[in-house]
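Below is run-v9.cif, which holds mmCIF, N, CA and C atoms.
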data_final
#
loop_
_atom_site.label_atom_id
_atom_site.label_comp_id
_atom_site.auth_asym_id
_atom_site.auth_seq_id
_atom_site.Cartn_x
_atom_site.Cartn_y
_atom_site.Cartn_z
N MET A 36 -4.73 -10.96 19.71
CA MET A 36 -4.49 -10.79 18.29
C MET A 36 -4.55 -12.16 17.63
N SER A 37 -5.23 -12.22 16.47
CA SER A 37 -5.39 -13.47 15.75
C SER A 37 -5.35 -13.21 14.25
N LEU A 38 -4.59 -14.01 13.52
CA LEU A 38 -4.55 -13.90 12.07
C LEU A 38 -5.71 -14.63 11.39
N GLN A 39 -6.51 -15.34 12.19
CA GLN A 39 -7.58 -16.17 11.61
C GLN A 39 -8.53 -15.40 10.71
N PRO A 40 -9.00 -14.17 11.08
CA PRO A 40 -9.88 -13.45 10.16
C PRO A 40 -9.24 -13.18 8.80
N LEU A 41 -7.94 -12.91 8.82
CA LEU A 41 -7.24 -12.68 7.56
C LEU A 41 -7.07 -13.99 6.79
N LEU A 42 -6.75 -15.06 7.50
CA LEU A 42 -6.59 -16.36 6.85
C LEU A 42 -7.92 -16.89 6.28
N ASP A 43 -9.03 -16.47 6.86
CA ASP A 43 -10.36 -16.86 6.37
C ASP A 43 -10.87 -15.97 5.25
N ALA A 44 -10.17 -14.86 4.99
CA ALA A 44 -10.61 -13.89 3.99
C ALA A 44 -10.36 -14.40 2.57
N ALA A 45 -10.94 -13.71 1.61
CA ALA A 45 -10.74 -14.05 0.19
C ALA A 45 -9.25 -13.95 -0.17
N PRO A 46 -8.79 -14.77 -1.10
CA PRO A 46 -7.37 -14.75 -1.48
C PRO A 46 -6.84 -13.37 -1.88
N VAL A 47 -7.64 -12.56 -2.58
CA VAL A 47 -7.15 -11.25 -3.00
C VAL A 47 -6.88 -10.37 -1.78
N ILE A 48 -7.69 -10.51 -0.74
CA ILE A 48 -7.46 -9.73 0.48
C ILE A 48 -6.21 -10.24 1.19
N GLN A 49 -5.97 -11.53 1.19
CA GLN A 49 -4.76 -12.09 1.79
C GLN A 49 -3.52 -11.59 1.06
N VAL A 50 -3.53 -11.66 -0.28
CA VAL A 50 -2.39 -11.18 -1.07
C VAL A 50 -2.15 -9.70 -0.78
N HIS A 51 -3.21 -8.93 -0.80
CA HIS A 51 -3.13 -7.49 -0.56
C HIS A 51 -2.53 -7.20 0.81
N ALA A 52 -3.06 -7.82 1.85
CA ALA A 52 -2.61 -7.54 3.22
C ALA A 52 -1.18 -8.02 3.45
N PHE A 53 -0.84 -9.23 3.01
CA PHE A 53 0.50 -9.75 3.25
C PHE A 53 1.56 -8.98 2.44
N ALA A 54 1.20 -8.53 1.23
CA ALA A 54 2.14 -7.70 0.46
C ALA A 54 2.39 -6.38 1.17
N ALA A 55 1.34 -5.79 1.73
CA ALA A 55 1.49 -4.52 2.47
C ALA A 55 2.37 -4.71 3.70
N MET A 56 2.18 -5.82 4.41
CA MET A 56 2.96 -6.06 5.62
C MET A 56 4.42 -6.42 5.31
N ALA A 57 4.66 -7.02 4.13
CA ALA A 57 6.01 -7.45 3.79
C ALA A 57 6.86 -6.36 3.15
N ALA A 58 6.25 -5.27 2.75
CA ALA A 58 7.01 -4.20 2.08
C ALA A 58 8.08 -3.65 3.02
N PRO A 59 9.37 -3.76 2.64
CA PRO A 59 10.44 -3.27 3.53
C PRO A 59 10.44 -1.76 3.62
N LYS A 60 10.77 -1.25 4.77
CA LYS A 60 10.75 0.19 5.02
C LYS A 60 12.11 0.64 5.53
N GLY A 61 12.95 1.18 4.64
CA GLY A 61 14.22 1.77 5.05
C GLY A 61 15.36 0.79 5.27
N THR A 62 15.25 -0.43 4.78
CA THR A 62 16.33 -1.39 4.97
C THR A 62 17.36 -1.26 3.84
N LEU A 63 18.52 -1.86 4.04
CA LEU A 63 19.61 -1.82 3.07
C LEU A 63 19.86 -3.22 2.54
N PRO A 64 20.45 -3.44 1.39
CA PRO A 64 20.88 -2.40 0.46
C PRO A 64 19.68 -1.72 -0.20
N HIS A 65 19.76 -0.44 -0.25
CA HIS A 65 18.64 0.40 -0.64
C HIS A 65 18.09 0.08 -2.03
N ARG A 66 18.94 -0.06 -3.00
CA ARG A 66 18.45 -0.28 -4.38
C ARG A 66 17.72 -1.61 -4.51
N THR A 67 18.27 -2.66 -3.94
CA THR A 67 17.63 -3.98 -4.03
C THR A 67 16.30 -3.99 -3.31
N THR A 68 16.30 -3.52 -2.07
CA THR A 68 15.04 -3.51 -1.34
C THR A 68 14.07 -2.50 -1.94
N GLY A 69 14.61 -1.44 -2.56
CA GLY A 69 13.76 -0.45 -3.22
C GLY A 69 12.94 -1.08 -4.34
N TRP A 70 13.58 -1.89 -5.18
CA TRP A 70 12.86 -2.55 -6.27
C TRP A 70 11.84 -3.54 -5.71
N PHE A 71 12.24 -4.23 -4.66
CA PHE A 71 11.32 -5.18 -4.01
C PHE A 71 10.12 -4.42 -3.44
N TRP A 72 10.38 -3.28 -2.80
CA TRP A 72 9.33 -2.44 -2.22
C TRP A 72 8.38 -1.92 -3.31
N VAL A 73 8.95 -1.45 -4.42
CA VAL A 73 8.13 -0.95 -5.53
C VAL A 73 7.23 -2.08 -6.06
N GLY A 74 7.79 -3.27 -6.20
CA GLY A 74 6.99 -4.40 -6.66
C GLY A 74 5.86 -4.73 -5.71
N LEU A 75 6.16 -4.77 -4.41
CA LEU A 75 5.13 -5.06 -3.42
C LEU A 75 4.07 -3.96 -3.37
N MET A 76 4.49 -2.71 -3.44
CA MET A 76 3.53 -1.62 -3.40
C MET A 76 2.64 -1.61 -4.65
N THR A 77 3.20 -2.01 -5.79
CA THR A 77 2.40 -2.14 -7.00
C THR A 77 1.34 -3.22 -6.80
N LEU A 78 1.75 -4.34 -6.21
CA LEU A 78 0.81 -5.43 -5.92
C LEU A 78 -0.26 -4.99 -4.92
N VAL A 79 0.14 -4.27 -3.88
CA VAL A 79 -0.81 -3.77 -2.88
C VAL A 79 -1.83 -2.85 -3.54
N ALA A 80 -1.34 -1.87 -4.31
CA ALA A 80 -2.24 -0.89 -4.93
C ALA A 80 -3.15 -1.55 -5.97
N ALA A 81 -2.58 -2.40 -6.81
CA ALA A 81 -3.37 -3.03 -7.87
C ALA A 81 -4.42 -3.98 -7.29
N SER A 82 -4.05 -4.75 -6.27
CA SER A 82 -4.99 -5.72 -5.70
C SER A 82 -6.15 -5.02 -4.99
N SER A 83 -5.96 -3.78 -4.57
CA SER A 83 -7.02 -3.07 -3.85
C SER A 83 -8.27 -2.85 -4.71
N PHE A 84 -8.10 -2.84 -6.02
CA PHE A 84 -9.25 -2.58 -6.90
C PHE A 84 -10.24 -3.75 -6.94
N TRP A 85 -9.87 -4.89 -6.36
CA TRP A 85 -10.78 -6.03 -6.28
C TRP A 85 -11.33 -6.19 -4.87
N ILE A 86 -11.06 -5.23 -4.00
CA ILE A 86 -11.58 -5.26 -2.63
C ILE A 86 -12.63 -4.17 -2.52
N HIS A 87 -13.86 -4.56 -2.22
CA HIS A 87 -14.98 -3.61 -2.23
C HIS A 87 -15.78 -3.66 -0.93
N GLY A 88 -15.14 -3.97 0.17
CA GLY A 88 -15.85 -4.09 1.43
C GLY A 88 -16.23 -2.77 2.08
N PHE A 89 -15.62 -1.69 1.67
CA PHE A 89 -15.83 -0.37 2.27
C PHE A 89 -16.30 0.55 1.15
N ARG A 90 -17.56 0.43 0.75
CA ARG A 90 -18.11 1.12 -0.43
C ARG A 90 -18.67 2.49 -0.05
N ILE A 91 -18.24 3.50 -0.79
CA ILE A 91 -18.79 4.84 -0.61
C ILE A 91 -19.20 5.42 -1.96
N ILE A 92 -18.37 5.20 -2.98
CA ILE A 92 -18.63 5.71 -4.33
C ILE A 92 -18.80 4.51 -5.25
N GLY A 93 -20.03 4.05 -5.42
CA GLY A 93 -20.26 2.83 -6.20
C GLY A 93 -19.62 1.66 -5.48
N SER A 94 -18.75 0.94 -6.19
CA SER A 94 -18.04 -0.20 -5.60
C SER A 94 -16.75 0.22 -4.92
N PHE A 95 -16.45 1.51 -4.94
CA PHE A 95 -15.15 1.97 -4.47
C PHE A 95 -15.27 2.90 -3.26
N SER A 96 -14.12 3.16 -2.67
CA SER A 96 -14.04 4.06 -1.52
C SER A 96 -12.94 5.09 -1.79
N PRO A 97 -12.84 6.11 -0.95
CA PRO A 97 -11.75 7.08 -1.11
C PRO A 97 -10.36 6.43 -1.02
N ILE A 98 -10.29 5.29 -0.35
CA ILE A 98 -9.01 4.58 -0.25
C ILE A 98 -8.50 4.22 -1.64
N HIS A 99 -9.40 3.95 -2.58
CA HIS A 99 -8.97 3.58 -3.93
C HIS A 99 -8.26 4.74 -4.64
N PHE A 100 -8.58 6.00 -4.25
CA PHE A 100 -7.84 7.13 -4.80
C PHE A 100 -6.37 7.07 -4.38
N LEU A 101 -6.12 6.55 -3.17
CA LEU A 101 -4.74 6.38 -2.72
C LEU A 101 -4.03 5.31 -3.56
N SER A 102 -4.77 4.32 -4.02
CA SER A 102 -4.18 3.30 -4.90
C SER A 102 -3.82 3.89 -6.25
N ILE A 103 -4.69 4.74 -6.79
CA ILE A 103 -4.39 5.42 -8.05
C ILE A 103 -3.18 6.31 -7.87
N PHE A 104 -3.14 7.06 -6.78
CA PHE A 104 -2.00 7.91 -6.45
C PHE A 104 -0.71 7.09 -6.40
N THR A 105 -0.77 5.94 -5.73
CA THR A 105 0.41 5.08 -5.59
C THR A 105 0.88 4.58 -6.95
N LEU A 106 -0.04 4.11 -7.78
CA LEU A 106 0.34 3.58 -9.09
C LEU A 106 0.89 4.67 -10.00
N ALA A 107 0.48 5.91 -9.80
CA ALA A 107 1.03 7.02 -10.58
C ALA A 107 2.38 7.47 -10.05
N MET A 108 2.53 7.47 -8.73
CA MET A 108 3.75 7.99 -8.11
C MET A 108 4.93 7.02 -8.14
N LEU A 109 4.67 5.72 -8.12
CA LEU A 109 5.78 4.76 -8.11
C LEU A 109 6.72 4.93 -9.31
N PRO A 110 6.19 4.96 -10.56
CA PRO A 110 7.12 5.14 -11.68
C PRO A 110 7.81 6.50 -11.64
N LEU A 111 7.10 7.52 -11.16
CA LEU A 111 7.70 8.84 -11.05
C LEU A 111 8.85 8.83 -10.04
N ALA A 112 8.65 8.18 -8.92
CA ALA A 112 9.70 8.08 -7.90
C ALA A 112 10.92 7.34 -8.43
N VAL A 113 10.69 6.25 -9.17
CA VAL A 113 11.80 5.51 -9.78
C VAL A 113 12.52 6.38 -10.80
N LEU A 114 11.77 7.11 -11.60
CA LEU A 114 12.38 8.00 -12.58
C LEU A 114 13.27 9.04 -11.90
N HIS A 115 12.79 9.61 -10.81
CA HIS A 115 13.60 10.58 -10.07
C HIS A 115 14.89 9.93 -9.58
N ALA A 116 14.82 8.71 -9.08
CA ALA A 116 16.02 8.01 -8.60
C ALA A 116 16.99 7.77 -9.76
N ARG A 117 16.47 7.33 -10.89
CA ARG A 117 17.34 7.05 -12.04
C ARG A 117 18.01 8.31 -12.57
N ARG A 118 17.36 9.45 -12.40
CA ARG A 118 17.92 10.73 -12.85
C ARG A 118 18.68 11.45 -11.73
N HIS A 119 18.89 10.73 -10.62
CA HIS A 119 19.65 11.24 -9.47
C HIS A 119 19.05 12.50 -8.86
N ARG A 120 17.74 12.61 -8.92
CA ARG A 120 17.02 13.69 -8.26
C ARG A 120 16.62 13.18 -6.87
N VAL A 121 17.61 13.15 -5.99
CA VAL A 121 17.45 12.49 -4.70
C VAL A 121 16.33 13.10 -3.87
N GLU A 122 16.25 14.41 -3.78
CA GLU A 122 15.21 15.04 -2.96
C GLU A 122 13.82 14.74 -3.51
N ARG A 123 13.65 14.81 -4.83
CA ARG A 123 12.34 14.49 -5.42
C ARG A 123 11.99 13.02 -5.22
N HIS A 124 13.01 12.16 -5.36
CA HIS A 124 12.79 10.73 -5.14
C HIS A 124 12.35 10.48 -3.69
N ARG A 125 13.07 11.08 -2.76
CA ARG A 125 12.75 10.91 -1.33
C ARG A 125 11.34 11.43 -1.04
N ASN A 126 11.00 12.60 -1.54
CA ASN A 126 9.67 13.17 -1.29
C ASN A 126 8.57 12.30 -1.89
N ALA A 127 8.80 11.78 -3.09
CA ALA A 127 7.81 10.91 -3.72
C ALA A 127 7.62 9.63 -2.91
N MET A 128 8.71 9.03 -2.46
CA MET A 128 8.62 7.79 -1.70
C MET A 128 7.98 8.03 -0.33
N ILE A 129 8.29 9.14 0.30
CA ILE A 129 7.66 9.46 1.58
C ILE A 129 6.16 9.68 1.38
N SER A 130 5.79 10.35 0.30
CA SER A 130 4.36 10.57 0.00
C SER A 130 3.65 9.25 -0.22
N ILE A 131 4.28 8.34 -0.95
CA ILE A 131 3.69 7.02 -1.17
C ILE A 131 3.55 6.28 0.15
N PHE A 132 4.59 6.31 0.95
CA PHE A 132 4.56 5.62 2.24
C PHE A 132 3.43 6.16 3.12
N VAL A 133 3.35 7.48 3.24
CA VAL A 133 2.32 8.09 4.09
C VAL A 133 0.93 7.81 3.53
N GLY A 134 0.73 8.02 2.23
CA GLY A 134 -0.59 7.83 1.64
C GLY A 134 -1.01 6.38 1.56
N ALA A 135 -0.12 5.53 1.06
CA ALA A 135 -0.50 4.15 0.78
C ALA A 135 -0.40 3.23 1.99
N LEU A 136 0.53 3.49 2.87
CA LEU A 136 0.69 2.58 4.01
C LEU A 136 0.15 3.16 5.31
N VAL A 137 0.41 4.42 5.59
CA VAL A 137 -0.05 4.98 6.86
C VAL A 137 -1.54 5.32 6.80
N ILE A 138 -1.93 6.20 5.87
CA ILE A 138 -3.34 6.63 5.81
C ILE A 138 -4.25 5.46 5.42
N ALA A 139 -3.94 4.80 4.31
CA ALA A 139 -4.78 3.66 3.90
C ALA A 139 -4.72 2.56 4.95
N GLY A 140 -3.56 2.36 5.55
CA GLY A 140 -3.42 1.35 6.59
C GLY A 140 -4.30 1.61 7.79
N LEU A 141 -4.44 2.88 8.17
CA LEU A 141 -5.31 3.21 9.29
C LEU A 141 -6.77 2.84 9.00
N PHE A 142 -7.19 3.00 7.74
CA PHE A 142 -8.55 2.62 7.37
C PHE A 142 -8.79 1.12 7.48
N THR A 143 -7.72 0.32 7.41
CA THR A 143 -7.91 -1.13 7.52
C THR A 143 -8.32 -1.54 8.93
N PHE A 144 -8.10 -0.65 9.90
CA PHE A 144 -8.46 -0.96 11.29
C PHE A 144 -9.85 -0.45 11.67
N TRP A 145 -10.61 0.02 10.69
CA TRP A 145 -11.97 0.49 10.91
C TRP A 145 -12.80 -0.69 11.42
N PRO A 146 -13.64 -0.50 12.42
CA PRO A 146 -14.47 -1.61 12.92
C PRO A 146 -15.28 -2.25 11.78
N GLY A 147 -15.30 -3.57 11.80
CA GLY A 147 -16.00 -4.32 10.77
C GLY A 147 -15.10 -4.79 9.64
N ARG A 148 -13.88 -4.28 9.59
CA ARG A 148 -12.95 -4.70 8.55
C ARG A 148 -12.08 -5.85 9.07
N ILE A 149 -11.49 -6.60 8.16
CA ILE A 149 -10.75 -7.81 8.52
C ILE A 149 -9.57 -7.51 9.44
N MET A 150 -8.78 -6.48 9.12
CA MET A 150 -7.60 -6.20 9.94
C MET A 150 -8.00 -5.71 11.33
N HIS A 151 -9.16 -5.11 11.47
CA HIS A 151 -9.66 -4.75 12.80
C HIS A 151 -9.87 -6.01 13.62
N ALA A 152 -10.47 -7.02 13.00
CA ALA A 152 -10.70 -8.30 13.68
C ALA A 152 -9.39 -9.00 13.99
N VAL A 153 -8.40 -8.88 13.10
CA VAL A 153 -7.09 -9.51 13.32
C VAL A 153 -6.44 -8.92 14.57
N VAL A 154 -6.44 -7.60 14.68
CA VAL A 154 -5.73 -6.93 15.77
C VAL A 154 -6.56 -6.86 17.06
N PHE A 155 -7.82 -6.55 16.94
CA PHE A 155 -8.64 -6.29 18.13
C PHE A 155 -9.63 -7.40 18.44
N GLY A 156 -9.75 -8.40 17.58
CA GLY A 156 -10.74 -9.45 17.77
C GLY A 156 -12.10 -8.98 17.29
N ASN A 157 -13.08 -9.85 17.32
CA ASN A 157 -14.42 -9.48 16.84
C ASN A 157 -15.10 -8.65 17.82
#
Let me see whether you can do it: turn the structure in this file into structure tokens.
Amino acid sequence: MSLQPLLDAAPVIQVHAFAAMAAPKGTLPHRTTGWFWVGLMTLVAASSFWIHGFRIIGSFSPIHFLSIFTLAMLPLAVLHARRHRVERHRNAMISIFVGALVIAGLFTFWPGRIMHAVVFGN
């Protein structure tokens, strides 16, 4: 495993990848880390629109739909928390986690992508 491919990548890819890796998952205190997580996930989703290495639809890929989903769901999840709708908040956050970090994250390991080189080498 080597971070060199990521360190050699464009700055927007570095910001995107490091923000995704730094997003806390289930740590306490919940509210403080929650706001930090929302901020990082916003940065991850927003920065993805400047990454076009996996093109399927023009300059974009289906992964970008997950970024749109994330940017729409984050404020909704926060709103549910503020209104004490715990189950809706939990479901929204789990959906964001699965869509934005698990599913999109798996695509980062596709052969030819930077994170594939980081983990598996060239």
- request: Could you jot down the atom N of Gly134 of chain A to atom C of Ile91 of chain A separation for me, Å, one decimal place?
  value: 20.5 Å
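For Ile149 of chain A, the residues within 7 Å (counting only C-alpha atoms, excluding itself and residues fewer than 4 positions away along the chain) are Pro40, Leu41 and Val153 of chain A.
For the choices A:Ser37, A:Phe155, A:His51, A:Val73, the atom-to-atom distance to Pro110 of chain A is smallest for A:Val73 when using only N, CA and C atoms.
Counting only C-alpha atoms and comparing A:Val113, A:Val154, A:Ala57, A:Leu101, the residue that lies closest to Ala80 of chain A is A:Leu101.
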message: When DSSP is applied to the backbone of this structure, which of chain A are assigned alpha helix (DSSP H)? Write them out as a count of residues only.
response: 76
query: What is the atom CA of Ala112 of chain A-atom CA of His87 of chain A distance in Å, reported with one decimal?
result: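 Separation between atom CA of Ala112 of chain A and atom CA of His87 of chain A: 27.9 Å.
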